[in-house]
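Coordinates from model-v7.txt are shown below (compact mmCIF, C-alpha atoms).
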# COMPACT_ATOMS: atom_id res chain seq x y z
CA MET A 1 9.47 27.48 -224.35
CA SER A 2 7.37 24.86 -222.61
CA ASP A 3 5.31 27.43 -220.75
CA VAL A 4 4.18 29.16 -223.94
CA THR A 5 0.46 28.53 -224.12
CA ALA A 6 -1.97 28.93 -226.93
CA GLU A 7 -5.65 28.77 -227.67
CA GLY A 8 -7.65 28.39 -230.83
CA GLY A 9 -8.40 25.27 -232.80
CA HIS A 10 -4.84 24.68 -233.92
CA GLY A 11 -3.02 26.57 -231.21
CA ALA A 12 -3.23 29.54 -233.53
CA VAL A 13 -3.54 32.24 -230.92
CA PRO A 14 -0.49 32.52 -228.70
CA THR A 15 -1.27 33.71 -225.20
CA GLY A 16 1.80 32.75 -223.22
CA PRO A 17 4.11 35.00 -221.19
CA GLN A 18 6.90 35.28 -223.79
CA VAL A 19 4.58 36.45 -226.48
CA PRO A 20 3.83 40.17 -226.50
CA VAL A 21 0.07 40.60 -226.49
CA GLU A 22 -2.02 43.72 -226.32
CA ASP A 23 -3.74 44.55 -223.06
CA GLN A 24 -6.97 42.63 -222.74
CA PRO A 25 -10.15 44.70 -222.52
CA ALA A 26 -11.78 44.87 -219.10
CA VAL A 27 -14.22 42.09 -220.00
CA SER A 28 -12.15 39.55 -221.86
CA ARG A 29 -13.68 37.19 -224.37
CA ARG A 30 -11.69 34.57 -222.52
CA ASP A 31 -14.40 34.77 -219.89
CA TRP A 32 -16.21 32.50 -222.34
CA PRO A 33 -14.89 28.95 -222.54
CA LEU A 34 -13.34 27.62 -225.74
CA TYR A 35 -15.25 24.95 -227.64
CA GLU A 36 -14.06 22.64 -230.37
CA VAL A 37 -16.55 22.11 -233.20
CA PHE A 38 -17.19 18.92 -235.16
CA VAL A 39 -19.42 18.88 -238.23
CA ARG A 40 -20.80 15.92 -240.15
CA GLY A 41 -21.01 16.81 -243.81
CA LYS A 42 -23.59 14.27 -244.84
CA ARG A 43 -25.20 11.07 -243.71
CA GLY A 44 -22.75 8.21 -243.54
CA LEU A 45 -19.66 10.34 -242.98
CA ASN A 46 -18.01 10.99 -239.63
CA HIS A 47 -18.04 14.19 -237.66
CA VAL A 48 -14.90 16.10 -238.58
CA HIS A 49 -13.14 18.77 -236.55
CA VAL A 50 -13.65 22.08 -238.33
CA GLY A 51 -12.49 24.69 -235.83
CA SER A 52 -13.25 26.29 -232.53
CA LEU A 53 -15.23 29.14 -231.01
CA HIS A 54 -15.98 30.87 -227.74
CA ALA A 55 -19.48 30.69 -226.28
CA PRO A 56 -21.08 31.43 -222.92
CA ASP A 57 -22.55 27.92 -222.58
CA ASP A 58 -23.07 24.61 -224.37
CA GLU A 59 -26.34 25.52 -226.10
CA MET A 60 -25.03 28.81 -227.42
CA ALA A 61 -21.92 27.00 -228.62
CA VAL A 62 -24.01 24.73 -230.86
CA HIS A 63 -25.90 27.78 -232.00
CA ALA A 64 -22.76 29.76 -232.83
CA ALA A 65 -21.27 26.73 -234.56
CA ARG A 66 -24.27 26.62 -236.86
CA ASP A 67 -23.64 30.21 -237.86
CA LEU A 68 -19.86 29.99 -238.10
CA TYR A 69 -19.29 26.58 -239.66
CA THR A 70 -22.45 25.51 -241.51
CA ARG A 71 -23.66 28.74 -243.08
CA ARG A 72 -22.81 27.51 -246.56
CA ASN A 73 -24.74 24.29 -246.19
CA GLU A 74 -21.75 22.21 -245.07
CA GLY A 75 -23.38 20.08 -242.45
CA VAL A 76 -26.20 17.91 -241.25
CA SER A 77 -25.04 17.50 -237.64
CA ILE A 78 -22.90 19.47 -235.18
CA TRP A 79 -21.04 18.38 -232.06
CA VAL A 80 -19.36 20.82 -229.71
CA VAL A 81 -17.16 19.93 -226.78
CA ARG A 82 -15.38 22.16 -224.34
CA ALA A 83 -11.70 22.21 -225.24
CA ALA A 84 -10.90 21.79 -221.53
CA ASP A 85 -12.78 18.48 -221.54
CA ILE A 86 -10.60 16.94 -224.24
CA THR A 87 -7.90 14.58 -223.03
CA ALA A 88 -5.16 14.47 -225.64
CA SER A 89 -1.97 12.54 -226.13
CA SER A 90 1.16 14.48 -225.34
CA PRO A 91 3.74 15.38 -228.01
CA ASP A 92 6.44 14.11 -225.58
CA GLU A 93 4.91 10.63 -225.80
CA LYS A 94 4.93 10.60 -229.58
CA ASP A 95 7.48 7.82 -229.94
CA PRO A 96 6.11 5.36 -227.39
CA MET A 97 2.59 6.06 -228.60
CA PHE A 98 2.97 5.84 -232.35
CA ALA A 99 6.39 4.54 -233.43
CA PRO A 100 5.67 0.86 -232.60
CA SER A 101 3.01 0.63 -235.31
CA GLY A 102 5.31 2.04 -238.00
CA ASP A 103 6.86 -1.25 -239.16
CA LYS A 104 3.78 -3.45 -238.91
CA VAL A 105 2.59 -3.26 -242.47
CA TYR A 106 0.44 -6.34 -241.97
CA ARG A 107 -1.93 -4.16 -239.99
CA HIS A 108 -2.79 -2.23 -243.13
CA PRO A 109 -5.45 -3.73 -245.39
CA THR A 110 -3.30 -3.03 -248.44
CA PHE A 111 -3.22 -6.65 -249.55
CA TYR A 112 -6.84 -6.69 -250.55
CA GLU A 113 -8.28 -5.56 -253.86
CA ILE A 114 -11.05 -3.07 -253.25
CA PRO A 115 -13.94 -3.46 -255.68
CA GLU A 116 -14.60 -0.41 -257.86
CA ASN A 117 -18.07 0.20 -256.49
CA VAL A 118 -17.17 0.44 -252.78
CA PRO A 119 -17.21 4.11 -251.81
CA HIS A 120 -15.52 5.83 -248.84
CA MET A 121 -12.59 3.40 -248.52
CA MET B 1 -15.31 10.67 -254.98
CA GLY B 2 -12.43 9.70 -252.71
CA HIS B 3 -12.35 9.30 -248.96
CA GLU B 4 -10.46 12.58 -248.62
CA GLU B 5 -13.49 14.55 -249.76
CA THR B 6 -14.17 17.47 -247.46
CA VAL B 7 -17.42 19.27 -246.90
CA TYR B 8 -15.98 22.20 -248.82
CA GLU B 9 -15.11 20.06 -251.82
CA ALA B 10 -18.60 18.59 -251.77
CA LEU B 11 -20.02 22.08 -251.69
CA ASP B 12 -17.82 23.15 -254.57
CA SER B 13 -18.90 20.21 -256.73
CA ALA B 14 -22.52 21.08 -255.95
CA HIS B 15 -21.85 24.52 -257.43
CA GLY B 16 -20.24 23.32 -260.64
CA GLY B 17 -16.77 22.41 -259.38
CA GLU B 18 -15.11 25.66 -260.37
CA GLY B 19 -13.63 26.26 -256.97
CA GLN B 20 -16.13 28.99 -256.18
CA TRP B 21 -19.14 28.92 -253.95
CA ALA B 22 -19.30 32.50 -252.76
CA PHE B 23 -20.64 35.13 -255.10
CA GLY B 24 -20.69 38.89 -255.50
CA THR B 25 -22.98 40.60 -257.96
CA GLY B 26 -24.45 38.89 -260.98
CA PHE B 27 -27.16 36.92 -259.18
CA ASP B 28 -29.85 35.19 -261.14
CA GLU B 29 -33.22 36.84 -261.48
CA PRO B 30 -34.89 36.26 -258.10
CA LEU B 31 -38.15 34.99 -259.60
CA ALA B 32 -36.63 33.29 -262.66
CA GLY B 33 -38.72 30.31 -263.75
CA VAL B 34 -41.58 31.23 -261.44
CA ASP B 35 -45.06 31.76 -262.85
CA THR B 36 -45.84 35.30 -261.72
CA THR B 37 -49.38 35.38 -263.09
CA VAL B 38 -51.73 36.93 -260.56
CA PRO B 39 -54.66 34.57 -259.79
CA ASP B 40 -58.20 35.75 -260.65
CA GLY B 41 -59.92 38.02 -258.17
CA ILE B 42 -56.70 39.53 -256.75
CA ASP B 43 -55.99 43.22 -257.33
CA PRO B 44 -52.36 43.40 -258.51
CA ALA B 45 -51.94 46.87 -257.01
CA ASP B 46 -53.03 45.59 -253.59
CA LEU B 47 -50.82 42.52 -253.89
CA GLY B 48 -47.82 44.68 -254.79
CA ALA B 49 -48.51 47.09 -251.93
CA TYR B 50 -48.70 44.16 -249.50
CA CYS B 51 -45.40 42.75 -250.79
CA LEU B 52 -43.83 46.16 -250.18
CA MET B 53 -45.03 46.06 -246.55
CA LEU B 54 -43.50 42.65 -245.91
CA GLY B 55 -40.43 43.34 -248.02
CA ASP B 56 -39.69 46.69 -246.41
CA ASP B 57 -39.97 45.18 -242.93
CA ALA B 58 -37.27 42.68 -243.91
CA LEU B 59 -35.07 45.19 -245.71
CA VAL B 60 -35.09 47.76 -242.91
CA LEU B 61 -34.57 45.21 -240.12
CA ALA B 62 -31.71 43.69 -242.13
CA GLN B 63 -30.10 47.12 -242.33
CA ARG B 64 -30.56 47.69 -238.58
CA LEU B 65 -28.93 44.35 -237.78
CA THR B 66 -26.12 45.07 -240.24
CA GLN B 67 -25.26 48.12 -238.17
CA TRP B 68 -23.91 45.68 -235.54
CA VAL B 69 -21.31 44.33 -237.96
CA THR B 70 -17.85 45.37 -236.69
CA ALA B 71 -19.52 46.48 -233.43
CA ALA B 72 -21.08 43.31 -232.00
CA PRO B 73 -20.07 42.28 -228.47
CA GLU B 74 -18.43 39.05 -229.66
CA LEU B 75 -17.15 37.82 -233.01
CA GLU B 76 -19.39 34.75 -232.89
CA GLU B 77 -22.44 36.93 -232.31
CA GLU B 78 -21.46 39.27 -235.10
CA VAL B 79 -21.60 36.41 -237.59
CA ALA B 80 -24.93 35.25 -236.17
CA VAL B 81 -26.48 38.71 -236.49
CA ALA B 82 -25.09 39.12 -240.00
CA ASN B 83 -26.55 35.74 -240.99
CA ILE B 84 -29.97 36.79 -239.75
CA ALA B 85 -29.67 40.07 -241.65
CA LEU B 86 -28.78 38.16 -244.81
CA ASP B 87 -31.80 35.87 -244.42
CA LEU B 88 -34.01 38.94 -244.15
CA LEU B 89 -32.32 40.57 -247.12
CA GLY B 90 -33.14 37.47 -249.14
CA GLN B 91 -36.78 37.70 -248.10
CA ALA B 92 -36.83 41.39 -249.00
CA ARG B 93 -35.36 40.67 -252.40
CA LEU B 94 -38.04 38.13 -253.28
CA LEU B 95 -40.89 40.25 -251.95
CA LEU B 96 -39.74 43.44 -253.68
CA ALA B 97 -39.26 41.47 -256.89
CA ARG B 98 -42.84 40.20 -256.51
CA ALA B 99 -44.06 43.78 -256.08
CA GLY B 100 -42.15 44.78 -259.21
CA SER B 101 -43.55 41.81 -261.14
CA VAL B 102 -47.07 43.17 -260.68
CA GLY B 103 -46.01 46.68 -261.62
CA VAL B 104 -45.84 48.26 -258.18
CA LEU B 105 -42.69 50.37 -258.37
CA GLY B 106 -43.77 53.64 -256.81
CA ARG B 107 -41.66 56.57 -257.92
CA SER B 108 -38.50 54.46 -257.98
CA ARG B 109 -38.37 54.42 -261.80
CA ASP B 110 -38.22 58.21 -261.89
CA THR B 111 -34.54 57.91 -261.02
CA ALA B 112 -33.59 54.24 -261.39
CA THR B 113 -32.29 53.48 -264.88
CA ALA B 114 -33.73 50.60 -266.90
CA SER B 115 -30.75 48.29 -266.29
CA ILE B 116 -31.47 48.29 -262.53
CA PRO B 117 -33.69 45.33 -261.55
CA ASP B 118 -37.08 46.02 -259.99
CA GLU B 119 -36.08 44.90 -256.48
CA ASP B 120 -32.99 47.12 -256.50
CA ALA B 121 -35.00 50.07 -257.83
CA LEU B 122 -37.49 49.60 -254.99
CA ALA B 123 -34.79 49.21 -252.34
CA TYR B 124 -32.50 52.01 -253.41
CA PHE B 125 -34.61 54.55 -255.26
CA ARG B 126 -37.65 55.12 -253.09
CA ASP B 127 -37.72 57.84 -250.44
CA ALA B 128 -38.83 57.25 -246.86
CA ASP B 129 -42.46 58.24 -247.47
CA GLU B 130 -42.78 55.39 -249.98
CA PHE B 131 -41.56 52.76 -247.51
CA ARG B 132 -44.20 50.61 -245.82
CA CYS B 133 -42.25 49.11 -242.90
CA THR B 134 -43.55 49.28 -239.33
CA GLY B 135 -42.08 51.43 -236.58
CA LEU B 136 -41.02 48.22 -234.83
CA VAL B 137 -38.25 47.56 -237.37
CA ALA B 138 -37.40 51.18 -238.18
CA ALA B 139 -36.58 52.15 -234.58
CA PRO B 140 -32.87 52.52 -233.74
CA ASN B 141 -31.09 49.50 -232.27
CA GLY B 142 -30.33 50.78 -228.79
CA ASP B 143 -27.92 48.52 -226.92
CA PHE B 144 -27.47 44.81 -227.59
CA GLY B 145 -30.19 43.87 -225.11
CA GLN B 146 -32.73 46.13 -226.78
CA THR B 147 -31.65 44.85 -230.19
CA MET B 148 -32.36 41.29 -229.13
CA VAL B 149 -35.75 42.18 -227.59
CA ARG B 150 -36.71 43.98 -230.80
CA LEU B 151 -35.51 41.05 -232.91
CA LEU B 152 -37.57 38.73 -230.72
CA ALA B 153 -40.69 40.87 -231.18
CA ALA B 154 -40.13 41.38 -234.91
CA ALA B 155 -39.34 37.72 -235.63
CA THR B 156 -42.33 36.55 -233.59
CA THR B 157 -44.82 38.81 -235.38
CA ARG B 158 -43.33 38.07 -238.79
CA LEU B 159 -43.24 34.33 -238.18
CA ALA B 160 -46.92 34.37 -237.17
CA VAL B 161 -47.79 36.18 -240.42
CA PHE B 162 -45.57 34.01 -242.63
CA ALA B 163 -46.94 30.78 -241.15
CA ARG B 164 -50.42 31.88 -242.28
CA LEU B 165 -49.20 33.11 -245.67
CA ARG B 166 -48.13 29.59 -246.62
CA ASP B 167 -51.79 29.14 -247.56
CA SER B 168 -52.00 32.41 -249.52
CA ARG B 169 -53.91 32.33 -252.78
CA ASP B 170 -50.93 34.00 -254.43
CA PRO B 171 -48.61 31.06 -255.10
CA VAL B 172 -45.51 33.26 -255.21
CA LEU B 173 -46.26 34.75 -251.81
CA ALA B 174 -47.04 31.30 -250.43
CA ALA B 175 -43.69 29.97 -251.66
CA ILE B 176 -41.76 32.93 -250.23
CA ALA B 177 -43.54 32.42 -246.89
CA ALA B 178 -42.81 28.70 -246.83
CA LYS B 179 -39.11 29.39 -247.28
CA GLY B 180 -39.15 32.20 -244.73
CA VAL B 181 -40.80 30.23 -241.93
CA ALA B 182 -37.69 28.11 -241.29
CA GLU B 183 -35.49 31.20 -241.28
CA LEU B 184 -37.76 33.18 -238.98
CA THR B 185 -38.08 30.26 -236.58
CA TYR B 186 -34.32 30.37 -236.22
CA HIS B 187 -34.27 34.16 -235.79
CA ARG B 188 -36.90 33.97 -233.06
CA ASP B 189 -35.00 31.17 -231.37
CA HIS B 190 -31.72 33.08 -231.46
CA ALA B 191 -33.26 36.24 -230.02
CA ALA B 192 -35.13 34.28 -227.36
CA ARG B 193 -31.91 32.58 -226.21
CA TRP B 194 -30.26 35.94 -225.70
CA VAL B 195 -33.28 37.49 -223.98
CA LEU B 196 -33.32 34.52 -221.58
CA ARG B 197 -29.63 34.84 -220.82
CA LEU B 198 -29.61 38.61 -220.47
CA GLY B 199 -32.83 38.80 -218.47
CA ASP B 200 -31.79 35.99 -216.14
CA GLY B 201 -28.10 36.96 -216.14
CA THR B 202 -26.33 39.63 -214.12
CA PRO B 203 -28.11 42.59 -212.49
CA GLU B 204 -26.72 44.84 -215.24
CA SER B 205 -27.82 42.57 -218.10
CA HIS B 206 -31.26 42.26 -216.48
CA ARG B 207 -31.55 46.02 -216.15
CA ARG B 208 -30.62 46.54 -219.80
CA ALA B 209 -32.90 43.81 -221.12
CA GLN B 210 -35.78 45.23 -219.11
CA ALA B 211 -35.07 48.73 -220.42
CA GLY B 212 -34.99 47.24 -223.91
CA ALA B 213 -38.39 45.60 -223.45
CA ASP B 214 -39.82 48.84 -222.08
CA ALA B 215 -38.54 50.67 -225.18
CA VAL B 216 -39.74 48.05 -227.67
CA TRP B 217 -43.24 47.32 -226.38
CA PRO B 218 -44.83 50.67 -227.39
CA LEU B 219 -43.67 49.92 -230.96
CA LEU B 220 -46.17 47.04 -231.05
CA ALA B 221 -49.13 49.45 -230.95
CA ASP B 222 -49.95 49.04 -234.66
CA ALA B 223 -48.69 45.46 -235.02
CA PHE B 224 -52.21 44.01 -234.93
CA THR B 225 -54.02 46.64 -236.99
CA ALA B 226 -54.71 45.93 -240.65
CA THR B 227 -54.54 48.59 -243.35
CA ASP B 228 -57.31 48.83 -245.95
CA VAL B 229 -55.05 47.01 -248.40
CA GLU B 230 -54.53 44.15 -245.95
CA GLN B 231 -58.24 43.92 -245.18
CA ARG B 232 -59.11 43.62 -248.86
CA LEU B 233 -56.42 40.98 -249.37
CA VAL B 234 -57.54 39.03 -246.29
CA GLY B 235 -60.96 38.90 -247.93
CA ALA B 236 -59.37 37.66 -251.15
CA GLY B 237 -57.48 34.90 -249.33
CA VAL B 238 -54.10 36.47 -250.05
CA ALA B 239 -52.95 38.22 -246.87
CA ALA B 240 -52.78 37.22 -243.20
CA ASP B 241 -54.90 39.32 -240.86
CA PRO B 242 -52.51 40.82 -238.29
CA ALA B 243 -55.33 40.83 -235.72
CA GLY B 244 -55.41 37.04 -236.01
CA THR B 245 -51.78 36.76 -234.90
CA ARG B 246 -52.29 38.62 -231.62
CA GLU B 247 -52.89 35.61 -229.40
CA GLU B 248 -49.82 33.77 -230.71
CA VAL B 249 -47.53 36.81 -230.52
CA VAL B 250 -48.65 37.84 -227.04
CA GLY B 251 -48.34 34.25 -225.87
CA VAL B 252 -44.80 33.76 -227.16
CA LEU B 253 -43.46 37.10 -225.98
CA THR B 254 -45.05 36.72 -222.54
CA GLN B 255 -43.61 33.23 -222.16
CA VAL B 256 -40.08 34.29 -223.09
CA LEU B 257 -40.07 37.36 -220.86
CA ASP B 258 -41.52 35.40 -217.94
CA ARG B 259 -38.83 32.77 -218.23
CA ALA B 260 -36.22 35.51 -218.56
CA THR B 261 -37.46 36.93 -215.23
CA LEU B 262 -38.37 40.15 -217.04
CA ARG B 263 -41.52 42.12 -216.34
CA VAL B 264 -43.85 42.11 -219.36
CA PRO B 265 -44.45 45.80 -220.11
CA ALA B 266 -48.03 47.04 -220.44
CA TRP B 267 -49.39 46.21 -223.88
CA PRO B 268 -50.03 49.43 -225.82
CA ALA B 269 -53.57 50.21 -226.95
CA ASP B 270 -54.22 49.33 -230.58
CA ALA B 271 -53.31 52.25 -232.82
CA PRO B 272 -54.11 52.91 -236.48
CA PRO B 273 -51.34 51.91 -238.92
CA ARG B 274 -48.54 54.43 -239.34
CA GLY B 275 -45.48 52.90 -240.94
CA ARG B 276 -47.65 50.77 -243.23
CA LEU B 277 -49.06 54.04 -244.62
CA GLY B 278 -45.65 55.67 -245.05
CA LEU B 279 -45.68 57.70 -241.84
CA HIS B 280 -42.20 57.36 -240.34
CA GLY B 281 -39.95 59.13 -237.90
CA ALA B 282 -36.75 60.83 -238.99
CA GLU B 283 -34.72 57.75 -238.04
CA LEU B 284 -35.87 55.91 -241.18
CA ALA B 285 -34.57 58.67 -243.46
CA VAL B 286 -31.18 58.45 -241.75
CA LEU B 287 -31.12 54.68 -242.17
CA LEU B 288 -32.10 54.94 -245.84
CA ALA B 289 -29.41 57.54 -246.52
CA GLU B 290 -26.85 54.97 -245.40
CA LEU B 291 -28.56 52.11 -247.25
CA GLN B 292 -29.09 53.96 -250.51
CA GLY B 293 -26.13 56.34 -250.72
CA LEU B 294 -23.81 54.10 -252.72
CA ALA B 295 -26.47 52.89 -255.17
CA ARG B 296 -27.57 56.45 -255.88
CA GLU B 297 -24.02 57.72 -256.25
CA HIS B 298 -23.04 54.89 -258.60
CA PRO B 299 -26.22 53.55 -260.25
CA ALA B 300 -25.96 50.01 -261.63
CA ALA B 301 -22.46 49.58 -260.18
CA THR B 302 -21.13 46.02 -260.02
CA TRP B 303 -18.17 44.50 -258.22

Please express the file's structure as structure tokens.
Amino acid sequence: MSDVTAEGGHGAVPTGPQVPVEDQPAVSRRDWPLYEVFVRGKRGLNHVHVGSLHAPDDEMAVHAARDLYTRRNEGVSIWVVRAADITASSPDEKDPMFAPSGDKVYRHPTFYEIPENVPHM
Amino acid sequence: MGHEETVYEALDSAHGGEGQWAFGTGFDEPLAGVDTTVPDGIDPADLGAYCLMLGDDALVLAQRLTQWVTAAPELEEEVAVANIALDLLGQARLLLARAGSVGVLGRSRDTATASIPDEDALAYFRDADEFRCTGLVAAPNGDFGQTMVRLLAAATTRLAVFARLRDSRDPVLAAIAAKGVAELTYHRDHAARWVLRLGDGTPESHRRAQAGADAVWPLLADAFTATDVEQRLVGAGVAADPAGTREEVVGVLTQVLDRATLRVPAWPADAPPRGRLGLHGAELAVLLAELQGLAREHPAATW
């Protein structure tokens, strides 16, 4: 199954050889690169991944993101990045990457009392 | 407010925290809480007629753009076009409500029942000869290239008018214009981006964008000609003189087409107003039949 491929923000659209897909139209939307979209909800918060879209170029990607992901007043700032430009950790490396931190509770700031009036903690 | 708060939760709490921030029918009155008194020295009939002109432009262009929904070249673009149409529909709603607030309802009340709000009566229960939109917005879409050239021309002319209307002596009109300027700036920007990319794209996209410009330019013939109503309201400090927007509109459109490597078509000679006086081609009646059919079949329907 390793050569099953997918696109979409969460690998939602299977495109690989084992998956039956309808014939693509002559001009495929996959001519347009895939972008991942990050929106910052308000000042002080981080940009958060909200989804993905196809666009012909970087500027139009920001533009489309505005229409697709902030049309209900969700954001104050948008980042887009080509999905192809993201370097991600591999699922095969999950154990060497993340398991070593599992038993090191002293790395968590759980031994401090957080004052009531400190937001976003 | 915990750290797990999402933008959607924030939006929900801003709308009362009932898990709903999208709405169907049952909107508030569009001009609720607004003082709709007409300032001294302004003829309410003229003011209402002018609001119909601006409102009908928005309503009809919104309907044209809506015709792309389910047929746009890309899903992303479909949402963008629908958003622009919704902005325009919002402008139409406020402007038609303003016309209704000063008693300008045409023959709409002959058929619209009392429970139908003024703006809906004006949108759904007037016939084509009572509409005051220009030929620029009433013309059929053509292909996507022509649609974007028309949107560019329509947004540019409307933005030039709205920017001036922010200083209108009618405070309601001034407030509607102030809100609309940000929307129209975005519409113009969106259309300009596409005209640049299509004009300076492939030979086929260039050919289509050029054909679109050639089809749209003649529709600007009466864009800079004021009706008698507009002239009186310009004198009263209420309306924007379309003739005064010419330099800005010509400048913007020329700049975009030049950068898009498109030939700027010959500017049409100034013509007397047509659409603003209710003189329309058959295409408007077809558009209105689609727009109004449901409301006339099921008056005061809700969902």

Quick one: everything within 12 Å of Ala58 (chain B), counting only C-alpha atoms, minus sequence neighbours fewer than 6 positions away in the same chain. Send it as number ranges by chain. B: 51-52, 64-66, 84-96, 123, 131-134, 136-138, 151, 154-155, 158-159, 180, 183-184

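Picture a line from CA of Leu34 (chain A) to CA of Lys94 (chain A); it runs 25.3 Å.
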
Could you tell me which of B:Ala240, B:Ala213, B:Ala191, B:Ala163 comes closest to chain A if we count all atoms listed in the file? B:Ala191

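Proximity to Gln231 (chain B) at 10 Å, evaluated using all atoms listed in the file and with sequence-adjacent residues fewer than 6 positions away removed, yields Thr225, Gly237, Val238, Ala239, Ala240, Asp241 and Pro242 of chain B.
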
Hey, which of B:Ala271, B:Val69, B:Leu59, B:Ala82 ends up closest to chain A? Count all atoms listed in the file. B:Ala82

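For Arg40 (chain A), the residues within 8 Å (counting only C-alpha atoms, excluding itself and residues fewer than 2 positions away along the chain) are Phe38, Lys42, Arg43, Leu45, Asn46, His47, Val48, Gly75, Val76, Ser77 and Ile78 of chain A.
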
From the set A:Ala61, A:Ile114, A:Val105, A:Ala99, which residue has the shortest atom-to-atom contact distance to Val81 (chain A), counting all atoms listed in the file? A:Ala61

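Checking B:Gly135, B:Phe144, B:Leu122, B:Arg232 one by one against Pro73 (chain B), counting all atoms listed in the file, you find the shortest gap at B:Phe144.
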
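The interatomic distance for the pair CA of Arg274 (chain B) and CA of Tyr50 (chain B) works out to 14.4 Å.
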
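Across the structure, CA of Thr302 (chain B) and CA of Ile116 (chain B) are spaced 10.9 Å apart.
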
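If only C-alpha atoms are the atoms counted, then among B:Leu294, B:Ala178, B:Val172, B:Pro203 the closest residue to Gly33 (chain B) is B:Val172.
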